[in-house]
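Reading through the structure tokens given below for one structure.
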Amino acid sequence: FFRKIDHSTTMASSSSDKAAGRVLLPLNIDPTRYDITLTPDLTAFTFAGITTIELTTAHDVSTSTIIMHAKELCFANASYTVKDDHPGEVHEAEEISVNMKSTTVSFGFASPIPPNSTLILTIHY
């Protein structure tokens with residue numbers, strides 16, 4: 001006995017069901033590579049870290065903020081450079097705002113994020 005299943009309907013409802021109640025990040029800034037360095041403090045049961053994330057920005061980016069998931073992290077600073085931009089001007093985050101309810105962090109920069117670019121975001125925590 002075989003039964004035909006319309007996967008397009010099943011997949012669409014399944015995808016929206018999975019997204020229900022979740023915080024989805026903007027689609028116009030896409031992480032493509034992560035490099036993480038952690039330094040544990042075994043006495044205090046904490047760690048310090050540096051994360052470098054390669055991000056690709058879409059043509060329709062019109063923000064000066066990068067939003068990411070962040071749960072139980074304390075951020076010291078964040079900055080980005082545009083990859084292959086010589087001499088590689090460093091753009092420091094002027095504001096770091098953690099939203100505990102949605103478990104996200106927003107890094108606010110003075111100028112808009114450049115569209116159609118590859119950024120190197122460096123985060124110290």
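Residues in the structure tokens are numbered from 1 in each chain, the chains being A, B, ... in the order shown, and ligands are numbered from 1 in the order shown.
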Name the residues in contact with A:Met68 at a cut-off of 7 Å, using only C-alpha atoms, excluding same-chain residues fewer than 6 positions from it; report them as a PyMOL selection string. chain A and resi 25+104-106
Let's see if you can do this: from backbone DSSP, list all strand (DSSP E) residues in stretch 29-87 of chain A, as number ranges by chain. A: 29-41, 46-57, 65-69, 77-82
Would you list the contacts of stretch 48-51 of chain A as a list in words, taking every protein, DNA or RNA residue within 6 Å and counting only C-alpha atoms, but skipping same-chain residues closer than 5 positions in sequence? Asp35, Ile36, Thr37, Leu38, Thr39, Thr122, Ile123, His124 and Tyr125 of chain A
Write the residues of the selection above to a file with all heavy atoms, as a JSON list (two decimals), in the first residue's frame.
[["chain", "number", "residue", "atom", "x", "y", "z"],
["A", 35, "ASP", "N", 36.17, 31.24, 13.72],
["A", 35, "ASP", "CA", 37.41, 30.84, 14.39],
["A", 35, "ASP", "C", 37.26, 31.26, 15.84],
["A", 35, "ASP", "O", 37.01, 32.43, 16.13],
["A", 35, "ASP", "CB", 38.63, 31.54, 13.77],
["A", 35, "ASP", "CG", 38.96, 31.00, 12.40],
["A", 35, "ASP", "OD1", 38.90, 29.77, 12.21],
["A", 35, "ASP", "OD2", 39.27, 31.81, 11.51],
["A", 36, "ILE", "N", 37.41, 30.30, 16.75],
["A", 36, "ILE", "CA", 37.16, 30.55, 18.17],
["A", 36, "ILE", "C", 38.39, 30.15, 18.98],
["A", 36, "ILE", "O", 38.92, 29.06, 18.81],
["A", 36, "ILE", "CB", 35.93, 29.77, 18.66],
["A", 36, "ILE", "CG1", 34.70, 30.17, 17.86],
["A", 36, "ILE", "CG2", 35.70, 29.98, 20.15],
["A", 36, "ILE", "CD1", 33.48, 29.30, 18.10],
["A", 37, "THR", "N", 38.81, 31.06, 19.87],
["A", 37, "THR", "CA", 39.90, 30.78, 20.80],
["A", 37, "THR", "C", 39.37, 30.99, 22.20],
["A", 37, "THR", "O", 38.85, 32.07, 22.52],
["A", 37, "THR", "CB", 41.10, 31.73, 20.55],
["A", 37, "THR", "OG1", 41.54, 31.58, 19.21],
["A", 37, "THR", "CG2", 42.24, 31.42, 21.51],
["A", 38, "LEU", "N", 39.47, 29.97, 23.04],
["A", 38, "LEU", "CA", 39.00, 30.05, 24.42],
["A", 38, "LEU", "C", 40.15, 29.84, 25.38],
["A", 38, "LEU", "O", 41.01, 28.99, 25.17],
["A", 38, "LEU", "CB", 37.93, 28.99, 24.69],
["A", 38, "LEU", "CG", 36.66, 29.07, 23.85],
["A", 38, "LEU", "CD1", 35.77, 27.87, 24.14],
["A", 38, "LEU", "CD2", 35.94, 30.37, 24.11],
["A", 39, "THR", "N", 40.15, 30.63, 26.46],
["A", 39, "THR", "CA", 41.13, 30.49, 27.52],
["A", 39, "THR", "C", 40.36, 30.23, 28.81],
["A", 39, "THR", "O", 39.75, 31.14, 29.38],
["A", 39, "THR", "CB", 41.98, 31.77, 27.66],
["A", 39, "THR", "OG1", 42.57, 32.06, 26.39],
["A", 39, "THR", "CG2", 43.06, 31.60, 28.71],
["A", 122, "THR", "N", 35.38, 40.59, 14.77],
["A", 122, "THR", "CA", 36.16, 40.07, 15.87],
["A", 122, "THR", "C", 35.48, 40.47, 17.18],
["A", 122, "THR", "O", 35.19, 41.65, 17.40],
["A", 122, "THR", "CB", 37.61, 40.62, 15.85],
["A", 122, "THR", "OG1", 38.20, 40.28, 14.59],
["A", 122, "THR", "CG2", 38.46, 40.04, 16.97],
["A", 123, "ILE", "N", 35.22, 39.47, 18.02],
["A", 123, "ILE", "CA", 34.51, 39.69, 19.27],
["A", 123, "ILE", "C", 35.38, 39.18, 20.42],
["A", 123, "ILE", "O", 35.87, 38.05, 20.38],
["A", 123, "ILE", "CB", 33.17, 38.92, 19.28],
["A", 123, "ILE", "CG1", 32.32, 39.31, 18.08],
["A", 123, "ILE", "CG2", 32.42, 39.17, 20.59],
["A", 123, "ILE", "CD1", 31.15, 38.38, 17.84],
["A", 124, "HIS", "N", 35.56, 40.02, 21.43],
["A", 124, "HIS", "CA", 36.30, 39.64, 22.65],
["A", 124, "HIS", "C", 35.28, 39.50, 23.77],
["A", 124, "HIS", "O", 34.47, 40.39, 23.98],
["A", 124, "HIS", "CB", 37.32, 40.70, 23.02],
["A", 124, "HIS", "CG", 38.44, 40.81, 22.04],
["A", 124, "HIS", "ND1", 39.69, 40.31, 22.30],
["A", 124, "HIS", "CD2", 38.49, 41.35, 20.81],
["A", 124, "HIS", "CE1", 40.47, 40.55, 21.24],
["A", 124, "HIS", "NE2", 39.77, 41.17, 20.32],
["A", 125, "TYR", "N", 35.36, 38.39, 24.48],
["A", 125, "TYR", "CA", 34.46, 38.17, 25.62],
["A", 125, "TYR", "C", 35.18, 37.45, 26.72],
["A", 125, "TYR", "O", 36.30, 37.02, 26.58],
["A", 125, "TYR", "CB", 33.18, 37.43, 25.19],
["A", 125, "TYR", "CG", 33.42, 36.18, 24.38],
["A", 125, "TYR", "CD1", 33.50, 34.96, 24.99],
["A", 125, "TYR", "CD2", 33.57, 36.24, 22.99],
["A", 125, "TYR", "CE1", 33.71, 33.81, 24.24],
["A", 125, "TYR", "CE2", 33.78, 35.11, 22.25],
["A", 125, "TYR", "CZ", 33.86, 33.90, 22.87],
["A", 125, "TYR", "OH", 34.07, 32.77, 22.14]]
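Near A:Leu27, within a cut-off of 12 Å and counting only C-alpha atoms, sit the residues A:Leu24, A:Asp30, A:Pro31, A:Leu55, A:Thr56, A:Thr57, A:Ala58, A:His59, A:Asp60, A:Val61, A:Ile66, A:Ile67, A:Met68, with same-chain residues fewer than 3 positions away left out.
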Need to verify the contact set: A:Gly108, 6 Å, only C-alpha atoms, exclusion of same-chain residues closer than 6 positions in sequence. Can you return it as an NGL selection string? :A and (64-65 or 93-95)
Name the residues of chain A that come out as alpha helix (DSSP H) in a backbone DSSP run; write them as a list in words.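 Selection result, alpha helix (DSSP H) within chain A: His7, Ser8, Thr9, Thr10, Met11, Ala12, Ser13, Ser14, Ser15, Ser16, Asp17, Lys18 and Ala19 of chain A.
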Restricted to all heavy atoms, what would the selected residues look like written as an mmCIF file, in the first residue's frame?
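As a result, selection-v4.cif now contains:
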data_model
loop_
_atom_site.group_PDB
_atom_site.id
_atom_site.type_symbol
_atom_site.label_atom_id
_atom_site.label_comp_id
_atom_site.auth_asym_id
_atom_site.auth_seq_id
_atom_site.Cartn_x
_atom_site.Cartn_y
_atom_site.Cartn_z
ATOM 1 N N HIS A 7 4.877 16.782 -0.297
ATOM 2 C CA HIS A 7 5.956 17.247 0.565
ATOM 3 C C HIS A 7 6.036 18.759 0.648
ATOM 4 O O HIS A 7 6.520 19.294 1.630
ATOM 5 C CB HIS A 7 7.305 16.678 0.095
ATOM 6 C CG HIS A 7 7.415 15.216 0.348
ATOM 7 N ND1 HIS A 7 7.608 14.697 1.598
ATOM 8 C CD2 HIS A 7 7.344 14.155 -0.494
ATOM 9 C CE1 HIS A 7 7.671 13.380 1.532
ATOM 10 N NE2 HIS A 7 7.507 13.030 0.269
ATOM 11 N N SER A 8 5.600 19.476 -0.366
ATOM 12 C CA SER A 8 5.692 20.931 -0.309
ATOM 13 C C SER A 8 4.830 21.475 0.818
ATOM 14 O O SER A 8 5.228 22.386 1.531
ATOM 15 C CB SER A 8 5.296 21.553 -1.648
ATOM 16 O OG SER A 8 3.943 21.242 -1.947
ATOM 17 N N THR A 9 3.652 20.923 1.014
ATOM 18 C CA THR A 9 2.780 21.365 2.107
ATOM 19 C C THR A 9 3.360 20.927 3.446
ATOM 20 O O THR A 9 3.429 21.702 4.386
ATOM 21 C CB THR A 9 1.363 20.776 1.944
ATOM 22 O OG1 THR A 9 0.875 21.139 0.676
ATOM 23 C CG2 THR A 9 0.441 21.277 3.033
ATOM 24 N N THR A 10 3.827 19.700 3.506
ATOM 25 C CA THR A 10 4.397 19.174 4.742
ATOM 26 C C THR A 10 5.637 19.961 5.136
ATOM 27 O O THR A 10 5.794 20.345 6.282
ATOM 28 C CB THR A 10 4.767 17.683 4.568
ATOM 29 O OG1 THR A 10 3.611 16.977 4.149
ATOM 30 C CG2 THR A 10 5.293 17.112 5.864
ATOM 31 N N MET A 11 6.511 20.222 4.194
ATOM 32 C CA MET A 11 7.740 20.940 4.485
ATOM 33 C C MET A 11 7.458 22.376 4.901
ATOM 34 O O MET A 11 8.078 22.882 5.815
ATOM 35 C CB MET A 11 8.682 20.920 3.272
ATOM 36 C CG MET A 11 9.198 19.536 2.938
ATOM 37 S SD MET A 11 10.090 18.775 4.285
ATOM 38 C CE MET A 11 11.593 19.682 4.173
ATOM 39 N N ALA A 12 6.521 23.041 4.248
ATOM 40 C CA ALA A 12 6.219 24.428 4.578
ATOM 41 C C ALA A 12 5.684 24.533 5.998
ATOM 42 O O ALA A 12 6.114 25.379 6.774
ATOM 43 C CB ALA A 12 5.224 25.010 3.584
ATOM 44 N N SER A 13 4.755 23.679 6.364
ATOM 45 C CA SER A 13 4.205 23.753 7.713
ATOM 46 C C SER A 13 5.246 23.304 8.732
ATOM 47 O O SER A 13 5.323 23.844 9.811
ATOM 48 C CB SER A 13 2.925 22.927 7.833
ATOM 49 O OG SER A 13 3.198 21.563 7.638
ATOM 50 N N SER A 14 6.070 22.332 8.364
ATOM 51 C CA SER A 14 7.108 21.863 9.262
ATOM 52 C C SER A 14 8.120 22.973 9.536
ATOM 53 O O SER A 14 8.530 23.173 10.664
ATOM 54 C CB SER A 14 7.797 20.647 8.659
ATOM 55 O OG SER A 14 8.852 20.245 9.485
ATOM 56 N N SER A 15 8.517 23.721 8.495
ATOM 57 C CA SER A 15 9.481 24.807 8.662
ATOM 58 C C SER A 15 8.921 25.910 9.537
ATOM 59 O O SER A 15 9.603 26.430 10.407
ATOM 60 C CB SER A 15 9.888 25.382 7.308
ATOM 61 O OG SER A 15 10.576 24.412 6.572
ATOM 62 N N SER A 16 7.652 26.274 9.299
ATOM 63 C CA SER A 16 7.066 27.338 10.109
ATOM 64 C C SER A 16 6.853 26.869 11.542
ATOM 65 O O SER A 16 6.961 27.646 12.480
ATOM 66 C CB SER A 16 5.771 27.848 9.491
ATOM 67 O OG SER A 16 4.809 26.816 9.450
ATOM 68 N N ASP A 17 6.541 25.575 11.739
ATOM 69 C CA ASP A 17 6.393 25.040 13.090
ATOM 70 C C ASP A 17 7.719 25.107 13.841
ATOM 71 O O ASP A 17 7.757 25.436 15.021
ATOM 72 C CB ASP A 17 5.915 23.590 13.059
ATOM 73 C CG ASP A 17 4.471 23.451 12.599
ATOM 74 O OD1 ASP A 17 3.749 24.470 12.588
ATOM 75 O OD2 ASP A 17 4.082 22.324 12.233
ATOM 76 N N LYS A 18 8.811 24.801 13.159
ATOM 77 C CA LYS A 18 10.128 24.840 13.784
ATOM 78 C C LYS A 18 10.520 26.258 14.152
ATOM 79 O O LYS A 18 11.206 26.478 15.136
ATOM 80 C CB LYS A 18 11.186 24.234 12.858
ATOM 81 C CG LYS A 18 11.076 22.735 12.724
ATOM 82 C CD LYS A 18 12.141 22.217 11.796
ATOM 83 C CE LYS A 18 11.996 20.715 11.591
ATOM 84 N NZ LYS A 18 12.970 20.209 10.627
ATOM 85 N N ALA A 19 10.091 27.250 13.350
ATOM 86 C CA ALA A 19 10.439 28.644 13.601
ATOM 87 C C ALA A 19 9.583 29.262 14.702
ATOM 88 O O ALA A 19 9.963 30.270 15.283
ATOM 89 C CB ALA A 19 10.298 29.451 12.321
#
Hey, can you check how far atom CA of A:Ser102 sits from atom CA of A:Asp41? 27.4 Å
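Note that the spacing between atom CA of A:Glu89 and atom CA of A:His69 amounts to 25.6 Å.
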Rank A:Ile120, A:Ile113, A:Ile96, A:Ala44 by their smallest atom-to-atom distance to A:Ala70, using only C-alpha atoms, and report the top residue only. A:Ile96
Compare A:Val98, A:Thr52, A:Asn116, A:Ala78 by their minimum atom-to-atom distance to A:Thr32, counting only C-alpha atoms, and give me the closest one.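 Smallest separation from A:Thr32 among the options: A:Thr52.
Here atom CA of A:Asn99 is placed at a distance of 11.7 Å from atom CA of A:Cys74.
Among A:Ser97, A:Gly88, A:Thr118, A:Pro26, the residue with the shortest atom-to-atom distance to A:Ile53, counting only C-alpha atoms, is A:Thr118.
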Got a sec: who's within 10 Å of A:Thr63, counting only C-alpha atoms, leaving out chain neighbours fewer than 5 positions off, as a list in words?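 In the requested form, the answer reads Asn28, Gly108, Phe109, Ser111, Pro112, Ile113, Pro114 and Pro115 of chain A.
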